[in-house]
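What's in coords_10.cif: mmCIF, C-alpha atoms
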data_data
#
loop_
_atom_site.label_atom_id
_atom_site.label_comp_id
_atom_site.auth_asym_id
_atom_site.auth_seq_id
_atom_site.Cartn_x
_atom_site.Cartn_y
_atom_site.Cartn_z
CA MET C 1 38.57 19.16 6.17
CA CYS C 2 40.89 21.69 7.82
CA ALA C 3 43.22 18.88 8.76
CA SER C 4 44.22 18.92 5.08
CA LYS C 5 46.58 21.39 3.47
CA LEU C 6 43.82 23.90 2.65
CA PRO C 7 44.65 27.47 3.76
CA TYR C 8 43.15 28.49 7.07
CA LYS C 9 40.99 31.28 5.61
CA LEU C 10 39.55 28.90 3.04
CA CYS C 11 38.70 26.43 5.81
CA VAL C 12 36.83 29.13 7.70
CA MET C 13 34.85 29.99 4.58
CA VAL C 14 33.94 26.34 4.03
CA TYR C 15 32.76 25.92 7.61
CA CYS C 16 30.66 29.08 7.36
CA LEU C 17 29.07 27.80 4.16
CA LEU C 18 28.27 24.43 5.72
CA PHE C 19 26.73 26.16 8.71
CA LEU C 20 24.46 28.25 6.51
CA LEU C 21 23.34 25.22 4.56
CA THR C 22 22.51 23.16 7.64
CA ALA C 23 21.27 25.79 10.08
CA SER C 24 17.82 25.11 11.46
CA GLY C 25 16.83 28.73 11.98
CA PRO C 26 14.01 30.56 10.18
CA TYR C 27 14.39 31.84 6.65
CA LYS C 28 13.46 35.13 5.08
CA ALA C 29 13.58 35.46 1.31
CA THR C 30 15.43 32.16 1.18
CA ALA C 31 15.29 31.81 -2.58
CA GLN C 32 16.48 34.75 -4.65
CA PRO C 33 16.44 34.60 -8.45
CA GLY C 34 19.95 36.06 -8.78
CA ASN C 35 21.53 34.70 -11.93
CA ARG C 36 19.17 31.77 -12.13
CA ILE C 37 16.81 31.24 -15.04
CA LYS C 38 13.66 33.27 -14.48
CA GLU C 39 11.55 31.53 -11.84
CA GLN C 40 8.38 29.70 -12.82
CA PHE C 41 6.29 31.28 -10.06
CA ARG C 42 6.61 32.88 -6.63
CA VAL C 43 5.71 31.47 -3.21
CA ILE C 44 5.71 33.18 0.18
CA ALA C 45 5.40 31.36 3.50
CA PHE C 46 4.28 33.08 6.70
CA PHE C 47 4.97 31.70 10.15
CA THR C 48 5.21 32.86 13.75
CA GLY C 49 7.52 30.28 15.33
CA LYS C 50 7.07 31.38 18.93
CA GLN C 51 4.85 28.81 20.63
CA ASP C 52 5.27 25.06 21.05
CA GLN C 53 8.61 23.54 20.12
CA ALA C 54 6.82 20.95 17.96
CA HIS C 55 5.49 23.71 15.71
CA ILE C 56 8.79 25.62 15.73
CA SER C 57 10.62 22.43 14.74
CA PHE C 58 8.21 21.99 11.83
CA ASP C 59 8.65 25.62 10.75
CA HIS C 60 12.42 25.24 10.46
CA GLU C 61 12.16 21.88 8.75
CA ALA C 62 9.52 23.10 6.30
CA ASN C 63 11.57 26.17 5.38
CA ARG C 64 14.57 24.00 4.54
CA TRP C 65 12.47 21.55 2.55
CA LEU C 66 10.61 24.24 0.63
CA HIS C 67 13.84 26.06 -0.17
CA ALA C 68 15.31 22.84 -1.60
CA LEU C 69 12.11 22.24 -3.58
CA SER C 70 12.28 25.75 -5.03
CA LEU C 71 15.75 25.03 -6.38
CA LYS C 72 14.60 21.71 -7.82
CA HIS C 73 11.62 23.20 -9.66
CA ASN C 74 12.90 26.73 -10.24
CA PHE C 75 10.35 28.79 -8.33
CA GLN C 76 11.10 31.65 -5.96
CA PHE C 77 10.51 30.87 -2.30
CA ASP C 78 10.38 33.61 0.32
CA SER C 79 9.61 33.02 3.99
CA THR C 80 8.98 35.52 6.75
CA THR C 81 7.69 36.06 10.27
CA ASP C 82 6.64 39.59 9.29
CA TRP C 83 2.87 39.26 8.92
CA SER C 84 2.60 42.91 7.86
CA LEU C 85 3.76 41.65 4.45
CA LEU C 86 0.36 39.99 4.18
CA ASN C 87 -1.02 43.05 2.43
CA THR C 88 -2.74 43.51 -0.90
CA GLU C 89 0.16 45.17 -2.67
CA ASN C 90 2.76 42.60 -1.62
CA LEU C 91 0.48 39.63 -2.33
CA LYS C 92 0.27 40.70 -5.97
CA ARG C 93 3.86 39.46 -6.32
CA TYR C 94 3.00 35.87 -5.38
CA GLN C 95 1.06 33.04 -6.98
CA LEU C 96 0.97 30.98 -3.78
CA VAL C 97 0.77 31.79 -0.06
CA ILE C 98 1.61 29.26 2.67
CA PHE C 99 0.71 29.44 6.36
CA LEU C 100 3.14 27.18 8.22
CA ASP C 101 1.90 27.46 11.79
CA THR C 102 -0.58 30.25 12.51
CA ARG C 103 -3.06 32.63 10.92
CA PRO C 104 -3.07 36.45 10.74
CA GLU C 105 -4.62 38.23 13.71
CA ASP C 106 -4.63 41.79 12.34
CA GLU C 107 -7.91 42.78 10.69
CA ASP C 108 -6.27 44.48 7.71
CA GLN C 109 -4.13 41.40 7.07
CA ARG C 110 -7.21 39.20 7.21
CA LYS C 111 -9.03 41.39 4.70
CA ALA C 112 -6.01 41.37 2.38
CA PHE C 113 -5.81 37.58 2.50
CA GLU C 114 -9.55 37.17 1.94
CA ASN C 115 -9.40 39.46 -1.09
CA TYR C 116 -6.35 37.56 -2.40
CA MET C 117 -8.23 34.27 -2.23
CA LEU C 118 -11.46 35.70 -3.65
CA THR C 119 -9.60 37.01 -6.69
CA GLY C 120 -7.84 33.79 -7.66
CA GLY C 121 -4.90 33.50 -5.27
CA ALA C 122 -3.69 30.12 -4.01
CA TRP C 123 -3.02 28.92 -0.46
CA ILE C 124 -1.59 25.95 1.44
CA GLY C 125 -2.09 25.66 5.19
CA PHE C 126 -0.45 23.26 7.63
CA HIS C 127 -1.62 21.92 10.98
CA PHE C 128 -1.92 24.80 13.47
CA SER C 129 -2.92 27.29 10.78
CA GLY C 130 -6.42 25.78 10.98
CA PHE C 131 -6.65 25.89 14.77
CA ALA C 132 -9.23 28.00 16.57
CA LEU C 133 -10.91 27.43 19.93
CA THR C 134 -13.04 29.73 22.02
CA PRO C 135 -11.98 30.37 24.72
CA SER C 136 -8.22 30.09 24.11
CA ASP C 137 -5.30 32.26 23.02
CA VAL C 138 -6.48 31.57 19.46
CA PRO C 139 -10.27 32.08 19.59
CA GLN C 140 -12.63 31.46 16.70
CA ASN C 141 -13.11 35.12 15.77
CA TRP C 142 -12.77 34.84 11.98
CA ASP C 143 -15.90 33.22 10.53
CA TRP C 144 -14.95 33.59 6.88
CA TYR C 145 -11.66 31.72 7.37
CA HIS C 146 -12.75 28.90 9.68
CA ASN C 147 -16.34 28.33 8.54
CA ASN C 148 -16.47 29.42 4.90
CA PHE C 149 -12.91 28.94 3.67
CA LEU C 150 -11.64 25.95 5.66
CA GLY C 151 -15.15 24.71 6.42
CA SER C 152 -13.97 22.93 9.56
CA GLY C 153 -15.08 25.40 12.22
CA GLN C 154 -13.37 25.16 15.57
CA TYR C 155 -10.84 22.62 16.78
CA VAL C 156 -12.44 20.00 19.06
CA SER C 157 -9.71 17.58 20.18
CA ASN C 158 -6.45 15.89 19.20
CA THR C 159 -4.55 12.65 19.50
CA TRP C 160 -1.45 12.35 21.68
CA ARG C 161 1.34 11.59 21.40
CA PRO C 162 2.28 12.17 17.77
CA THR C 163 1.94 8.93 15.84
CA SER C 164 1.86 7.95 12.18
CA ALA C 165 -1.40 6.97 10.52
CA THR C 166 -2.51 5.17 7.38
CA LEU C 167 -4.48 7.48 5.11
CA ASN C 168 -7.03 6.68 2.44
CA ILE C 169 -6.21 8.81 -0.61
CA LYS C 170 -8.73 10.07 -3.13
CA LYS C 171 -7.54 9.13 -6.60
CA ASN C 172 -7.66 11.05 -9.87
CA THR C 173 -7.03 14.55 -8.55
CA PRO C 174 -4.16 16.92 -9.40
CA PHE C 175 -3.17 16.91 -5.72
CA THR C 176 -2.93 13.13 -5.41
CA LYS C 177 -1.27 12.33 -8.73
CA GLY C 178 1.27 9.54 -8.31
CA LEU C 179 0.13 8.62 -4.80
CA PRO C 180 -0.94 5.13 -3.76
CA LEU C 181 -4.50 4.54 -2.57
CA GLN C 182 -3.11 4.40 0.96
CA LEU C 183 -0.02 5.98 2.47
CA LYS C 184 1.67 5.80 5.84
CA THR C 185 2.34 9.26 7.23
CA SER C 186 5.10 10.67 9.38
CA PRO C 187 4.17 10.98 13.08
CA ASN C 188 1.73 13.79 13.75
CA GLU C 189 -0.72 15.17 16.28
CA TRP C 190 -4.11 14.74 14.55
CA TYR C 191 -7.02 17.18 14.94
CA ARG C 192 -10.77 16.64 15.14
CA TRP C 193 -13.08 19.43 13.99
CA GLU C 194 -16.43 21.00 14.85
CA HIS C 195 -18.04 20.46 11.43
CA ASP C 196 -18.43 17.23 9.50
CA LEU C 197 -16.76 18.13 6.21
CA ARG C 198 -18.63 15.35 4.41
CA ASN C 199 -21.78 17.48 4.69
CA ASN C 200 -20.23 20.47 2.91
CA PRO C 201 -20.74 20.26 -0.89
CA ASP C 202 -17.82 22.63 -1.49
CA ILE C 203 -15.29 20.47 0.34
CA GLU C 204 -13.37 17.72 -1.45
CA ILE C 205 -11.72 15.42 1.09
CA LEU C 206 -8.41 14.21 -0.32
CA ALA C 207 -7.17 12.08 2.59
CA SER C 208 -8.77 10.59 5.69
CA ILE C 209 -7.56 8.26 8.41
CA ASP C 210 -8.06 4.57 7.64
CA SER C 211 -9.61 2.42 10.36
CA SER C 212 -6.49 0.24 10.42
CA SER C 213 -4.77 3.12 12.22
CA PHE C 214 -6.87 2.68 15.37
CA PRO C 215 -6.09 2.96 18.16
CA LEU C 216 -4.43 6.23 17.13
CA GLY C 217 -2.33 7.91 19.80
CA THR C 218 -0.69 6.47 22.88
CA GLY C 219 -1.94 8.68 25.69
CA PRO C 220 -1.43 8.71 28.63
CA LYS C 221 -4.85 10.46 28.62
CA GLN C 222 -7.43 8.06 27.27
CA HIS C 223 -9.45 10.74 25.48
CA GLU C 224 -6.37 11.49 23.39
CA ILE C 225 -6.44 8.00 21.90
CA TRP C 226 -8.91 7.55 19.05
CA HIS C 227 -10.52 4.14 18.64
CA GLN C 228 -13.04 4.82 15.89
CA GLY C 229 -14.57 7.53 13.75
CA TYR C 230 -14.09 9.39 10.49
CA TYR C 231 -11.29 11.95 10.41
CA PRO C 232 -10.44 13.99 7.28
CA VAL C 233 -6.87 15.31 7.40
CA VAL C 234 -6.29 16.80 3.93
CA TRP C 235 -8.94 18.64 1.96
CA THR C 236 -9.64 21.42 -0.53
CA ASN C 237 -12.50 23.88 -0.80
CA THR C 238 -13.45 23.75 -4.48
CA LYS C 239 -14.56 27.40 -4.45
CA PHE C 240 -10.93 28.42 -3.96
CA HIS C 241 -7.40 27.43 -4.89
CA MET C 242 -6.50 25.99 -1.52
CA ILE C 243 -5.48 22.86 0.32
CA TYR C 244 -5.15 22.21 4.03
CA PHE C 245 -2.78 19.59 5.45
CA ASN C 246 -3.29 18.62 9.08
CA MET C 247 0.35 17.47 9.14
CA GLY C 248 2.88 19.79 10.76
CA HIS C 249 3.54 18.75 14.38
CA ASN C 250 6.82 16.96 15.04
CA ASP C 251 7.30 14.71 18.05
CA ILE C 252 9.50 16.38 20.67
CA ASP C 253 11.27 15.03 23.74
CA TYR C 254 9.28 17.03 26.28
CA GLU C 255 9.45 14.37 28.98
CA ASN C 256 13.23 14.61 29.41
CA ARG C 257 13.14 18.36 28.78
CA THR C 258 15.70 18.15 26.01
CA ASN C 259 13.25 19.49 23.39
CA LYS C 260 15.03 17.35 20.80
CA ASP C 261 13.23 16.23 17.66
CA LEU C 262 11.96 12.67 17.94
CA SER C 263 10.34 12.77 14.50
CA LEU C 264 10.17 14.94 11.40
CA THR C 265 7.35 15.65 8.95
CA PHE C 266 9.28 15.65 5.67
CA GLY C 267 11.43 12.84 4.37
CA ASN C 268 8.37 10.64 3.79
CA LYS C 269 8.30 9.77 0.08
CA PHE C 270 4.58 9.90 -0.64
CA GLN C 271 3.66 12.50 1.94
CA ASP C 272 6.32 14.76 0.45
CA ARG C 273 4.93 14.14 -3.02
CA PHE C 274 1.47 15.14 -1.79
CA VAL C 275 2.78 18.56 -0.74
CA GLU C 276 4.96 18.86 -3.85
CA ASN C 277 1.95 18.16 -6.08
CA ALA C 278 -0.03 20.90 -4.33
CA ILE C 279 2.72 23.48 -4.74
CA LEU C 280 3.35 22.75 -8.40
CA TYR C 281 -0.34 22.52 -9.29
CA MET C 282 -1.44 25.74 -7.62
CA GLY C 283 1.76 27.76 -7.80
CA GLY C 284 2.39 26.89 -11.41
CA GLY C 285 -0.92 28.34 -12.49
CA LYS C 286 -1.66 25.43 -14.81
CA GLN C 287 -5.22 25.16 -13.52
CA GLN C 288 -8.04 27.28 -14.89
CA LEU C 289 -8.34 30.20 -12.48
CA ARG C 290 -11.74 30.70 -10.91
CA VAL C 291 -12.58 34.12 -9.52
CA VAL C 292 -15.11 33.86 -6.71
CA SER C 293 -17.62 36.68 -6.39
CA ARG C 294 -18.37 38.16 -2.99
#
Can the structure in the file be given as structure tokens, please?
Amino acid sequence: MCASKLPYKLCVMVYCLLFLLTASGPYKATAQPGNRIKEQFRVIAFFTGKQDQAHISFDHEANRWLHALSLKHNFQFDSTTDWSLLNTENLKRYQLVIFLDTRPEDEDQRKAFENYMLTGGAWIGFHFSGFALTPSDVPQNWDWYHNNFLGSGQYVSNTWRPTSATLNIKKNTPFTKGLPLQLKTSPNEWYRWEHDLRNNPDIEILASIDSSSFPLGTGPKQHEIWHQGYYPVVWTNTKFHMIYFNMGHNDIDYENRTNKDLSLTFGNKFQDRFVENAILYMGGGKQQLRVVSR
């Protein structure tokens, strides 16, 4: 562009603008109302972005995608790595909370989130936000979240390497509106859980892995290749306004140590619509709010 007759200073401004629009770094308060029409609702995403390049890659990608979606549907989207903002007073400003990669570790933050959900707040969690394993750096030390809220308990195992799967989709729900009965996902590392969610009357499984996906994973470790079984990957707890997506782990070139993205999560027509449905349904407040008693 600067090879044209545009003034040098204008060229610099254009390049700076293009950089800001395409940068892959984290966002904080990415969508500001400014002079826009008053936003429909407010969303805040929390993430840590410090461990595992696959999760960091997803964080950056998700922030860009969610920012673009907020402009499309006129809602305010804020995103932060400052988990201290997960407090009761700040959460009053938002209709929807998203955990992109982790969970809060501070006890006061956990209590604030629990109270937010028990009083009608809405939540979307991705992939590692559901992880807990004792012993590990992320132990299962939050029973309400992992056992009562998510219902899944601890992480048990995963597939490797990230591969796409065919999912069976539950029809006639607000989350799955406009989706086919089966969809092919973007590549992902899939999790197996401690509890069988089919035995929990409060859990509504919205998507599970179809048997045509087996073998799922490529190894090289054989136990990381699934050959059979039932694996829910998207579900909601009907006692709350929440949905958990096991998607959120991009494939990364670890072998050659380039850490380049080999796959992305968004950009998949129906998978994107799944997430979009969840945001608009819960964030928009069109559902009848249910307040859960302690």
Hits from the PyMOL selection byres ((chain C and resi 201) around 12), listed as a count of residues only: 15
Selection dump of the PyMOL selection byres ((chain C and resi 143-147) around 10), as JSON, numbers by chain: {"C": [103, 110, 113, 114, 130, 131, 132, 140, 141, 142, 148, 149, 150, 151, 152, 153, 154, 155, 194, 195]}
Atom pair atom CA of C:Lys38 / atom CA of C:Phe75: separation (Å):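 It comes out at 8.3 Å.
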List the neighbours of stretch 207-224 of chain C out to 8 Å using only C-alpha atoms; skip same-chain residues closer than 3 positions along the sequence, and give me the result as a PDB file with C-alpha atoms, in the coordinates of the input.
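Result file is selection_5.pdb:
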ATOM      1  CA  SER C 157      -9.710  17.580  20.180  1.00  0.00           C
ATOM      2  CA  ASN C 158      -6.450  15.890  19.200  1.00  0.00           C
ATOM      3  CA  THR C 159      -4.550  12.650  19.500  1.00  0.00           C
ATOM      4  CA  TRP C 160      -1.450  12.350  21.680  1.00  0.00           C
ATOM      5  CA  ARG C 161       1.340  11.590  21.400  1.00  0.00           C
ATOM      6  CA  PRO C 162       2.280  12.170  17.770  1.00  0.00           C
ATOM      7  CA  THR C 163       1.940   8.930  15.840  1.00  0.00           C
ATOM      8  CA  ALA C 165      -1.400   6.970  10.520  1.00  0.00           C
ATOM      9  CA  THR C 166      -2.510   5.170   7.380  1.00  0.00           C
ATOM     10  CA  LEU C 167      -4.480   7.480   5.110  1.00  0.00           C
ATOM     11  CA  ASN C 168      -7.030   6.680   2.440  1.00  0.00           C
ATOM     12  CA  ILE C 169      -6.210   8.810  -0.610  1.00  0.00           C
ATOM     13  CA  LYS C 170      -8.730  10.070  -3.130  1.00  0.00           C
ATOM     14  CA  HIS C 227     -10.520   4.140  18.640  1.00  0.00           C
ATOM     15  CA  GLN C 228     -13.040   4.820  15.890  1.00  0.00           C
ATOM     16  CA  GLY C 229     -14.570   7.530  13.750  1.00  0.00           C
ATOM     17  CA  TYR C 230     -14.090   9.390  10.490  1.00  0.00           C
ATOM     18  CA  TYR C 231     -11.290  11.950  10.410  1.00  0.00           C
ATOM     19  CA  PRO C 232     -10.440  13.990   7.280  1.00  0.00           C
ATOM     20  CA  VAL C 233      -6.870  15.310   7.400  1.00  0.00           C
ATOM     21  CA  VAL C 234      -6.290  16.800   3.930  1.00  0.00           C
ATOM     22  CA  TRP C 235      -8.940  18.640   1.960  1.00  0.00           C
TER      23      TRP C 235
END
Expected selection from the PyMOL selection byres ((chain C and resi 115) around 12), given as JSON, numbers by chain: {"C": [86, 87, 88, 89, 91, 92, 108, 109, 110, 111, 112, 113, 114, 116, 117, 118, 119, 120, 121, 122, 144, 145, 240, 291, 292, 293, 294]}
Box centre and edge lengths (Å, one decimal), axis-aligned, stretch 228-233 of chain C plus 3 Å each side, as lines of an AutoDock Vina configuration file:
center_x = -10.7
center_y = 10.1
center_z = 11.6
size_x = 13.7
size_y = 16.5
size_z = 14.6
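Computed from the coordinates, the atom CA of C:Asn188 to atom CA of C:Leu264 distance equals 8.8 Å.
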C:Lys269 environment, 10 Å, all atoms listed in the file, sequence neighbours closer than 3 positions dropped, as a PyMOL selection string: chain C and resi 179+183-186+266+272-274
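When all atoms listed in the file are used to measure the gap to C:Glu189, the shortest distance among C:Met247, C:Val97, C:Ile252, C:Val275 belongs to C:Met247.
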Pick from C:Val138, C:Ala278, C:Leu262, C:Ile124, whichever lies nearest to C:Tyr244 using all atoms listed in the file: C:Ile124
Neighbour residues at most 6 Å from (5.2, 35.5, 4.9) (all atoms listed in the file) as a VMD selection string: chain C and resid 44 to 46 79 to 81 83
Atom CA of C:Glu105 to atom CA of C:Tyr281, straight-line distance in Å: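 Computing the Euclidean distance for atom CA of C:Tyr281 and atom CA of C:Glu105 yields 28.2 Å.
Across C:Asp82, C:Asp137, C:Asp59, C:Asp261, the tightest approach to C:Leu100 is made by C:Asp59 when counting only C-alpha atoms.
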Residue among C:Glu61, C:Phe99, C:Phe41, C:Gln53 lying closest to C:Arg257, counting all atoms listed in the file: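 Residue with the minimum atom-to-atom distance to C:Arg257: C:Gln53.
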Nearest-residue call for C:Glu39, choices C:Asn250, C:Thr102, C:Ser263, C:Ser70, using only C-alpha atoms: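 Of the candidates, the smallest distance to C:Glu39 is held by C:Ser70.
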Polymer residues at most 7 Å from C:Gly283, all atoms listed in the file, same-chain spacing of 4 or more positions, as a list in words: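 Result of the neighbour search: Phe41, Gln95, Leu96 and Ile279 of chain C.
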Go ahead and write the selection's residues with C-alpha atoms as a compact mmCIF listing (two decimals), in the frame of the given file.
# COMPACT_ATOMS: atom_id res chain seq x y z
CA PHE C 41 6.29 31.28 -10.06
CA GLN C 95 1.06 33.04 -6.98
CA LEU C 96 0.97 30.98 -3.78
CA ILE C 279 2.72 23.48 -4.74
